[in-house]
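entry-v4.txt (compact mmCIF, C-alpha atoms) appears below.
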```txt
# COMPACT_ATOMS: atom_id res chain seq x y z
CA GLU N 1 0.00 -6.13 -16.76
CA PHE N 2 -3.43 -4.99 -17.95
CA GLU N 3 -3.38 -1.98 -15.64
CA GLN N 4 0.10 -1.12 -16.93
CA GLY N 5 -0.94 -1.43 -20.55
CA ARG N 6 -4.27 0.30 -20.12
CA PRO N 7 -3.06 3.94 -20.23
CA LEU N 8 -1.31 3.35 -23.56
CA LEU N 9 -4.22 1.35 -24.94
CA GLU N 10 -6.65 4.14 -24.08
CA MET N 11 -4.35 6.79 -25.56
CA ILE N 12 -4.19 4.81 -28.79
CA ARG N 13 -7.98 4.65 -28.86
CA ARG N 14 -8.26 8.42 -28.29
CA GLU N 15 -5.53 9.53 -30.66
CA ARG N 16 -5.79 6.84 -33.35
CA PRO N 17 -9.47 5.80 -33.36
CA GLU N 18 -9.17 4.27 -36.82
CA LEU N 19 -7.03 1.43 -35.46
CA GLY N 20 -8.58 -1.85 -34.34
CA ILE N 21 -7.45 -3.16 -30.95
CA VAL N 22 -7.17 -6.83 -29.98
CA LEU N 23 -6.58 -7.33 -26.23
CA SER N 24 -5.46 -10.78 -25.12
CA PHE N 25 -5.11 -12.43 -21.72
CA PHE N 26 -3.38 -15.67 -20.86
CA SER N 27 -5.10 -16.38 -17.53
CA PRO N 28 -8.76 -16.35 -16.41
CA SER N 29 -7.92 -13.92 -13.58
CA GLY N 30 -7.40 -11.22 -16.19
CA TYR N 31 -9.84 -12.28 -18.87
CA GLU N 32 -12.89 -12.82 -16.65
CA VAL N 33 -12.60 -9.35 -15.13
CA ARG N 34 -11.93 -7.50 -18.41
CA LYS N 35 -13.70 -9.55 -21.09
CA ASN N 36 -16.20 -6.73 -21.65
CA TYR N 37 -13.61 -3.95 -21.68
CA PRO N 38 -15.13 -1.45 -24.13
CA VAL N 39 -11.93 0.19 -25.39
CA ALA N 40 -10.81 -2.97 -27.20
CA ASP N 41 -12.59 -4.25 -30.30
CA ILE N 42 -11.82 -7.86 -29.38
CA VAL N 43 -10.96 -9.32 -25.95
CA CYS N 44 -9.82 -12.92 -26.02
CA TYR N 45 -7.47 -15.54 -24.61
CA LEU N 46 -3.94 -15.84 -25.97
CA PRO N 47 -3.39 -19.48 -27.04
CA PHE N 48 -0.51 -21.42 -25.51
CA ASP N 49 2.88 -20.31 -26.81
CA THR N 50 3.56 -23.10 -29.28
CA ALA N 51 5.02 -22.64 -32.75
CA SER N 52 1.79 -23.69 -34.51
CA ASN N 53 -0.45 -21.56 -32.29
CA ALA N 54 1.79 -18.53 -32.74
CA ARG N 55 1.88 -18.94 -36.51
CA ARG N 56 -1.91 -19.28 -36.82
CA TRP N 57 -2.52 -16.42 -34.39
CA VAL N 58 -0.24 -13.94 -36.15
CA GLU N 59 -1.58 -14.94 -39.58
CA THR N 60 -5.18 -14.58 -38.40
CA ILE N 61 -4.81 -11.26 -36.61
CA ASN N 62 -2.21 -9.88 -39.04
CA PRO N 63 -1.46 -6.96 -36.69
CA GLU N 64 0.02 -3.64 -37.72
CA MET N 65 2.00 -3.75 -34.47
CA ALA N 66 2.20 -5.81 -31.28
CA ILE N 67 2.65 -4.44 -27.76
CA PHE N 68 3.64 -6.57 -24.78
CA VAL N 69 3.76 -5.46 -21.15
CA LYS N 70 6.55 -5.75 -18.53
CA TYR N 71 7.21 -9.50 -18.15
CA GLU N 72 5.56 -10.74 -21.36
CA PHE N 73 8.17 -12.92 -23.07
CA TRP N 74 6.47 -15.39 -25.42
CA GLY N 75 9.23 -16.88 -27.57
CA ASN N 76 7.17 -18.39 -30.39
CA TYR N 77 4.95 -15.34 -30.75
CA LEU N 78 7.96 -13.04 -30.79
CA GLU N 79 9.65 -15.23 -33.42
CA GLN N 80 6.59 -15.11 -35.69
CA LEU N 81 6.17 -11.34 -35.32
CA LYS N 82 9.82 -10.77 -36.20
CA LYS N 83 9.63 -13.18 -39.12
CA LYS N 84 6.78 -11.12 -40.59
CA ASP N 85 8.52 -7.78 -39.87
CA ILE N 86 5.71 -6.63 -37.57
CA PRO N 87 6.89 -3.85 -35.21
CA THR N 88 6.87 -5.30 -31.70
CA TYR N 89 7.29 -3.39 -28.45
CA LEU N 90 7.71 -4.14 -24.76
CA ILE N 91 6.52 -1.39 -22.41
CA SER N 92 7.10 -0.68 -18.71
CA ALA N 93 9.75 -3.39 -18.65
CA ILE N 94 12.13 -3.77 -15.75
CA PHE N 95 15.13 -6.06 -15.56
CA ARG N 96 17.17 -7.54 -12.72
CA LYS N 97 20.63 -9.12 -12.83
CA SER N 98 19.22 -12.42 -11.53
CA GLN N 99 17.00 -12.91 -14.58
CA SER N 100 17.76 -15.58 -17.18
CA PHE N 101 18.72 -13.03 -19.85
CA PHE N 102 21.91 -12.19 -17.97
CA GLN N 103 23.12 -15.71 -17.17
CA TRP N 104 25.73 -17.60 -19.18
CA TRP N 105 23.11 -20.19 -20.11
CA GLY N 106 20.45 -17.62 -21.11
CA GLY N 107 21.03 -17.52 -24.87
CA THR N 108 17.44 -18.53 -25.70
CA PHE N 109 16.10 -15.76 -23.52
CA ARG N 110 18.49 -13.19 -24.98
CA HIS N 111 17.25 -14.18 -28.43
CA MET N 112 13.72 -13.14 -27.39
CA LEU N 113 14.94 -9.65 -26.60
CA GLY N 114 16.27 -9.35 -30.14
CA CYS N 115 12.74 -9.83 -31.48
CA TYR N 116 11.48 -6.54 -30.07
CA SER N 117 11.67 -3.43 -32.25
CA LYS N 118 12.15 -1.42 -29.07
CA LEU N 119 12.06 -1.99 -25.33
CA TYR N 120 10.69 0.80 -23.14
CA VAL N 121 12.12 0.27 -19.67
CA GLN N 122 11.33 1.76 -16.28
CA ASP N 123 14.81 2.79 -15.18
CA GLU N 124 18.43 3.40 -16.10
CA ALA N 125 19.53 0.26 -14.25
CA SER N 126 17.51 -1.87 -16.67
CA ALA N 127 19.01 -0.04 -19.65
CA ARG N 128 22.53 -0.67 -18.33
CA LEU N 129 21.86 -4.37 -17.83
CA LEU N 130 20.55 -4.66 -21.38
CA ALA N 131 23.51 -2.74 -22.79
CA GLY N 132 25.76 -5.27 -21.06
CA ILE N 133 24.34 -8.01 -23.29
CA ASN N 134 24.41 -5.78 -26.40
CA VAL N 135 20.73 -4.89 -26.42
CA HIS N 136 20.64 -1.19 -27.32
CA ASN N 137 17.19 -0.61 -28.86
CA VAL N 138 16.06 0.69 -25.47
CA ASP N 139 14.35 3.86 -24.23
CA VAL N 140 14.06 4.74 -20.54
CA THR N 141 10.49 6.07 -20.33
CA GLY N 142 9.33 5.01 -16.86
CA ASP N 143 6.33 3.04 -15.66
CA THR N 144 2.88 3.61 -17.17
CA ARG N 145 1.27 2.58 -13.87
CA PHE N 146 2.02 6.05 -12.53
CA ASP N 147 -0.14 7.49 -15.29
CA ARG N 148 -2.83 4.94 -14.57
CA VAL N 149 -3.12 5.62 -10.84
CA THR N 150 -3.08 9.36 -11.53
CA ASP N 151 -6.00 8.93 -13.95
CA ILE N 152 -7.85 6.86 -11.36
CA CYS N 153 -7.22 9.49 -8.69
CA ARG N 154 -8.75 12.17 -10.91
CA THR N 155 -11.85 10.15 -11.69
CA THR N 156 -12.71 8.32 -8.44
CA HIS N 157 -16.22 8.89 -7.16
CA GLU N 158 -17.17 10.37 -3.82
CA ILE N 159 -18.81 8.13 -1.25
CA ALA N 160 -21.07 10.22 0.98
CA GLN N 161 -20.92 7.77 3.86
CA MET N 162 -17.10 7.80 3.81
CA GLU N 163 -17.15 11.60 3.78
CA ALA N 164 -19.27 11.45 6.94
CA LEU N 165 -16.83 9.00 8.53
CA LYS N 166 -13.94 11.32 7.70
CA ASN N 167 -15.77 14.17 9.41
CA THR N 168 -15.95 12.24 12.70
CA GLY N 169 -12.25 13.01 13.21
CA LYS N 170 -11.24 9.36 13.40
CA LYS N 171 -8.04 8.30 11.71
CA ILE N 172 -8.83 5.95 8.81
CA ILE N 173 -6.43 3.18 7.82
CA VAL N 174 -7.13 1.35 4.57
CA PHE N 175 -5.88 -2.22 4.50
CA GLY N 176 -5.83 -2.90 0.76
CA SER N 177 -5.62 -6.35 -0.84
CA SER N 178 -5.45 -7.95 2.58
CA TRP N 179 -4.61 -11.61 3.08
CA LYS N 180 -5.03 -13.64 6.26
CA ALA N 181 -1.27 -13.39 6.86
CA ASP N 182 -1.63 -9.61 6.88
CA GLU N 183 -4.63 -9.64 9.20
CA GLN N 184 -2.71 -11.69 11.75
CA LEU N 185 -0.31 -8.74 12.04
CA TYR N 186 -2.71 -5.85 12.43
CA ALA N 187 -5.86 -7.37 13.96
CA ASP N 188 -4.93 -6.92 17.64
CA TRP N 189 -3.65 -3.38 17.09
CA LEU N 190 -6.75 -2.29 15.18
CA ARG N 191 -9.16 -3.77 17.72
CA SER N 192 -7.36 -2.02 20.59
CA HIS N 193 -7.51 1.52 19.17
CA THR N 194 -10.92 3.08 19.65
CA ASP N 195 -10.04 6.25 17.72
CA ILE N 196 -9.13 4.33 14.55
CA CYS N 197 -11.47 3.04 11.86
CA GLY N 198 -10.14 0.33 9.61
CA VAL N 199 -11.24 -0.27 6.02
CA ILE N 200 -10.33 -3.84 5.10
CA ALA N 201 -10.42 -4.86 1.45
CA PRO N 202 -9.69 -8.62 1.34
CA HIS N 203 -7.82 -9.68 -1.78
CA GLU N 204 -10.15 -12.62 -2.25
CA PHE N 205 -13.43 -13.26 -0.50
CA ASP N 206 -16.65 -15.19 -0.36
CA ASN N 207 -19.57 -14.89 2.05
CA CYS N 208 -17.86 -17.09 4.63
CA ARG N 209 -14.69 -14.98 4.68
CA LEU N 210 -16.65 -11.75 4.87
CA GLN N 211 -18.67 -13.02 7.82
CA LYS N 212 -15.54 -14.16 9.66
CA LEU N 213 -13.96 -10.75 9.16
CA LYS N 214 -17.06 -9.04 10.54
CA GLU N 215 -16.97 -11.22 13.62
CA GLU N 216 -13.23 -10.82 14.11
CA PHE N 217 -13.19 -7.02 14.06
CA THR N 218 -16.43 -6.22 15.89
CA THR N 219 -15.63 -5.03 19.43
CA LYS N 220 -17.47 -3.55 22.40
CA GLN N 221 -16.10 -0.17 21.33
CA GLY N 222 -17.42 -0.25 17.77
CA ASP N 223 -19.30 -2.03 15.03
CA THR N 224 -17.99 -3.71 11.92
CA ILE N 225 -20.16 -3.63 8.81
CA LEU N 226 -19.86 -4.40 5.13
CA LEU N 227 -19.27 -1.52 2.75
CA SER N 228 -22.51 -2.39 0.94
CA GLU N 229 -24.38 -2.08 4.23
CA LEU N 230 -22.82 1.30 4.92
CA THR N 231 -23.54 2.73 1.48
CA SER N 232 -27.16 1.55 1.65
CA ILE N 233 -27.76 4.04 4.49
CA THR N 234 -29.00 7.27 2.91
CA ASP N 235 -30.64 9.22 5.73
CA THR N 236 -28.22 11.87 7.02
CA ALA N 237 -29.02 11.27 10.67
CA ASP N 238 -28.62 7.52 10.28
CA ILE N 239 -25.29 7.95 8.48
CA TYR N 240 -24.02 10.17 11.29
CA LYS N 241 -25.13 7.69 13.96
CA CYS N 242 -23.58 4.74 12.13
CA THR N 243 -20.21 6.36 11.42
CA LYS N 244 -19.80 7.60 15.00
CA GLN N 245 -19.74 4.03 16.31
CA LEU N 246 -17.90 2.35 13.43
CA LYS N 247 -14.82 0.26 14.18
CA CYS N 248 -14.27 -1.37 10.83
CA ILE N 249 -15.62 -1.54 7.28
CA ILE N 250 -15.23 -4.72 5.24
CA VAL N 251 -15.16 -4.12 1.49
CA ASP N 252 -17.43 -6.69 -0.13
CA SER N 253 -17.22 -5.68 -3.81
CA PHE N 254 -14.47 -5.29 -6.37
CA GLY N 255 -13.53 -1.99 -7.97
CA GLN N 256 -14.02 0.15 -4.85
CA LEU N 257 -10.52 0.20 -3.38
CA ALA N 258 -9.15 3.09 -5.45
CA SER N 259 -12.04 5.30 -4.35
CA LEU N 260 -11.57 4.29 -0.72
CA TYR N 261 -7.87 5.19 -0.54
CA ARG N 262 -8.81 8.87 -0.93
CA TYR N 263 -10.36 8.76 2.56
CA GLY N 264 -7.40 7.10 4.22
CA ASP N 265 -4.78 8.66 6.46
CA ILE N 266 -2.53 5.61 6.11
CA ALA N 267 -2.54 2.61 3.78
CA TYR N 268 -1.32 -0.90 4.49
CA ILE N 269 -0.89 -2.89 1.28
CA GLY N 270 -1.18 -6.66 1.54
CA GLY N 271 0.66 -9.49 -0.16
CA GLY N 272 4.10 -8.72 1.24
CA PHE N 273 4.06 -11.87 3.35
CA GLY N 274 2.99 -14.06 0.43
CA HIS N 275 3.79 -13.93 -3.27
CA GLY N 276 4.48 -10.20 -3.32
CA ILE N 277 2.89 -6.84 -2.57
CA HIS N 278 -0.06 -5.51 -4.50
CA ASN N 279 -0.43 -2.06 -6.04
CA ILE N 280 1.10 0.47 -3.65
CA ASN N 281 0.98 3.35 -6.15
CA GLU N 282 -2.81 3.20 -6.07
CA ALA N 283 -2.67 4.42 -2.46
CA ALA N 284 0.43 6.63 -2.60
CA VAL N 285 -1.12 8.82 -5.31
CA TYR N 286 -3.45 10.25 -2.64
CA GLY N 287 -0.51 11.55 -0.64
CA ILE N 288 -0.71 9.06 2.22
CA PRO N 289 2.10 6.89 3.63
CA VAL N 290 2.08 3.26 2.58
CA ILE N 291 3.16 0.25 4.64
CA PHE N 292 3.92 -3.19 3.22
CA GLY N 293 5.63 -6.48 3.95
CA PRO N 294 9.15 -7.63 2.99
CA LYS N 295 8.39 -9.34 -0.32
CA HIS N 296 8.68 -6.30 -2.55
CA GLN N 297 12.05 -6.82 -4.26
CA LYS N 298 10.46 -7.06 -7.70
CA PHE N 299 8.74 -3.71 -7.29
CA LYS N 300 10.96 -0.71 -7.90
CA GLU N 301 8.35 1.69 -6.56
CA ALA N 302 8.49 0.04 -3.12
CA THR N 303 12.23 0.66 -2.78
CA ASP N 304 11.82 4.18 -4.14
CA LEU N 305 9.07 5.00 -1.65
CA ILE N 306 11.13 3.67 1.24
CA ASN N 307 14.08 5.79 0.13
CA CYS N 308 12.03 8.98 -0.20
CA GLY N 309 10.26 8.48 3.13
CA GLY N 310 6.79 7.76 1.77
CA GLY N 311 6.85 4.01 2.31
CA PHE N 312 7.62 1.67 5.20
CA GLU N 313 8.64 -1.97 5.08
CA VAL N 314 7.61 -4.16 8.02
CA SER N 315 8.90 -7.63 8.76
CA GLY N 316 6.50 -8.56 11.54
CA LYS N 317 3.80 -7.59 14.00
CA THR N 318 5.95 -5.59 16.44
CA GLN N 319 7.45 -3.44 13.71
CA LEU N 320 4.06 -2.80 12.12
CA GLU N 321 2.56 -1.70 15.41
CA SER N 322 5.50 0.61 16.07
CA ILE N 323 5.16 2.33 12.69
CA LEU N 324 1.39 2.66 13.02
CA ASN N 325 1.73 4.14 16.52
CA THR N 326 4.27 6.68 15.27
CA LEU N 327 2.15 7.76 12.31
CA ILE N 328 -1.08 8.19 14.23
CA SER N 329 0.53 10.00 17.15
CA ASP N 330 2.88 12.31 15.25
CA GLU N 331 1.02 14.58 12.83
CA LYS N 332 4.23 15.99 11.40
CA THR N 333 5.58 12.56 10.51
CA LEU N 334 2.22 11.57 9.05
CA TYR N 335 2.13 14.71 6.92
CA THR N 336 5.73 14.59 5.68
CA SER N 337 5.64 10.90 4.80
CA GLY N 338 2.32 11.31 3.00
CA LYS N 339 3.62 14.29 1.07
CA ALA N 340 6.72 12.33 0.10
CA ALA N 341 4.54 9.51 -1.26
CA GLY N 342 2.36 11.85 -3.31
CA SER N 343 5.35 13.78 -4.66
CA TYR N 344 7.02 10.55 -5.73
CA ILE N 345 4.01 9.61 -7.86
CA ALA N 346 3.81 13.10 -9.36
CA ARG N 347 7.49 13.02 -10.35
CA ASN N 348 7.07 9.80 -12.28
CA ILE N 349 4.06 10.43 -14.49
CA GLY N 350 4.49 10.80 -18.24
CA ALA N 351 5.60 7.38 -19.48
CA THR N 352 2.45 6.84 -21.55
CA PRO N 353 2.70 9.91 -23.84
CA ALA N 354 6.43 9.36 -24.23
CA ILE N 355 5.91 5.78 -25.42
CA PHE N 356 2.99 6.76 -27.66
CA LYS N 357 5.02 9.49 -29.36
CA SER N 358 7.94 7.14 -29.90
CA ILE N 359 5.87 4.27 -31.31
CA PHE N 360 3.92 6.48 -33.68
CA ASP N 361 6.94 8.65 -34.50
CA ILE N 362 5.24 11.91 -33.53
```
Starting from the coordinates I provided, produce the structure as structure tokens.
Amino acid sequence: EFEQGRPLLEMIRRERPELGIVLSFFSPSGYEVRKNYPVADIVCYLPFDTASNARRWVETINPEMAIFVKYEFWGNYLEQLKKKDIPTYLISAIFRKSQSFFQWWGGTFRHMLGCYSKLYVQDEASARLLAGINVHNVDVTGDTRFDRVTDICRTTHEIAQMEALKNTGKKIIVFGSSWKADEQLYADWLRSHTDICGVIAPHEFDNCRLQKLKEEFTTKQGDTILLSELTSITDTADIYKCTKQLKCIIVDSFGQLASLYRYGDIAYIGGGFGHGIHNINEAAVYGIPVIFGPKHQKFKEATDLINCGGGFEVSGKTQLESILNTLISDEKTLYTSGKAAGSYIARNIGATPAIFKSIFDI
């Protein structure tokens, strides 16, 4: 949700610098990473959604407006904001028929929707669902994540050692946000292809996991090293020698993945065999095909990419290997699927300025 809200937050800071910004997180996974985020004046935890907490919070902050992101439905906070006539918005929202709002017993949840001044939704299907329960204060503006990944693409930094690897002529496959369940699918295939270099970015890691990955993907045909080890090599001759014999790079720091996708020919996005896929737009923006597991039903962009030919769903090892073999052996298919992915992202940018103009009545 932070990455979805970030483009709008940063536009507000640029265009309305006189406004103070309070950024809240409910979980440590968000707060710990972004507690020093410089665009916000205050970064803090959001207290539990109780009536007393919500009342004290709203009275203390006394906001000019409140903006929630995608799946943020906090009943007591919404009630307090509405009670005090504070304009309240939900951005990049997406709705499915199976959600509580659309069930016969979902009156409490439908009441929450009535607390928003306006809902900015990703697609027409969401707007139709809301209209079916008499929620009409809705604008279809799209998903701000497309703006975010486009901004990232424009500002990612070059990595000289990755440029050298690219120049070896090897195909590079970036395995982003990889879990063990994902590695079980692609490990044998990656080890068996000498002309492929894998870049594995584990979703979570410690020193033990990093060491096991190094051992698992080192073969007689090539070395596996940590990204930090690769980028510490600065001599041109040494970089050339290292990249010629590389089999796999293990990403051992956060914040590097977006810059690494730019060097990939193909991206495999993890999480699709667990709780759900991670950010596939972050790879697709570079005009490369994306592959992911079956748990993507909550992500509209996954279905859209499949339909346009830029994305591929896999349900198991055999299917993954088949798609990888096709993409690396057929340059035309690789090119057309990558172009489809990049074009899809380009067609969907623009949600952020549309929402900003609407909120501030420009």
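Residues with any atom within 9 Å of region 15-26 of chain N, counting only C-alpha atoms and excluding same-chain neighbours fewer than 4 positions away, are Phe2, Leu9, Glu10, Met11, Gly30, Tyr31, Val39, Ala40, Asp41, Ile42, Val43, Cys44, Tyr45, Leu46, Pro47, Phe48, Ile61, Pro63 and Glu64 of chain N.
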- [ ] State, in Å with one decimal place, the distance from CA of Asp151 (chain N) to CA of Ile280 (chain N).
- [x]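 These two atoms are separated by 15.1 Å.
Note that the spacing between CA of His136 (chain N) and CA of Val149 (chain N) amounts to 29.7 Å.
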- [ ] Could you tell me which of N:Ile355, N:Leu230, N:Val135, N:Ile91 comes closest to Leu246 (chain N) if we count only C-alpha atoms?
- [x]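 Of the candidates, the smallest distance to Leu246 (chain N) is held by N:Leu230.
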Report as AutoDock Vina command-line options the centre and the edge lengths, in Å to one decimal, of the axis-aligned box holding every listed atom of region 64-71 of chain N, padded by 6 Å on each side.
```
--center_x 3.6 --center_y -6.6 --center_z -27.9 --size_x 19.2 --size_y 17.9 --size_z 31.6
```
Open item on the list: Restricting the calculation to only C-alpha atoms: of N:Pro38, N:Gly142, N:Gly198, N:Gly309, which residue gets closest to Thr336 (chain N)?
Closed with: N:Gly309
Task: Counting all atoms listed in the file, the option among N:Leu226, N:Gly293, N:Gly75, N:Arg6 closest to Lys212 (chain N) - done: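 Among the listed residues, the smallest separation from Lys212 (chain N) belongs to N:Leu226.
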Open item on the list: Residues within 9 Å of Val69 (chain N), please, as number ranges by chain. Count all atoms listed in the file; anything in the same chain fewer than 4 positions from it doesn't count.
Closed with: N: 1-2, 4-5, 73, 89-93
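In this structure, CA of Pro294 (chain N) sits 19.5 Å away from CA of Thr326 (chain N).
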TODO: Can you work out which one of N:Gln184, N:Ser192, N:Thr224, N:Gln211 has the shortest atom-to-atom distance to Gly316 (chain N), counting only C-alpha atoms?
DONE: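 Looking at the shortest contact to Gly316 (chain N), the residue is N:Gln184.
Distances to Leu213 (chain N) were evaluated for N:Val174, N:Ile239, N:Ala54, N:Ile249 using all atoms listed in the file, and the minimum falls at N:Ile249.
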- [ ] Could you pull out every residue with an atom within 9 Å of (-0.1, -10.1, 7.1), file coordinates, counting all atoms listed in the file, and send them as a ChimeraX atom specification?
- [x] /N:178-186,270-274,292-293,316-317
- [ ] Find the residue from N:Lys118, N:His296, N:Arg209, N:Arg154 that sits nearest to Asn137 (chain N); use only C-alpha atoms when measuring.
- [x]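 Closest candidate: N:Lys118.
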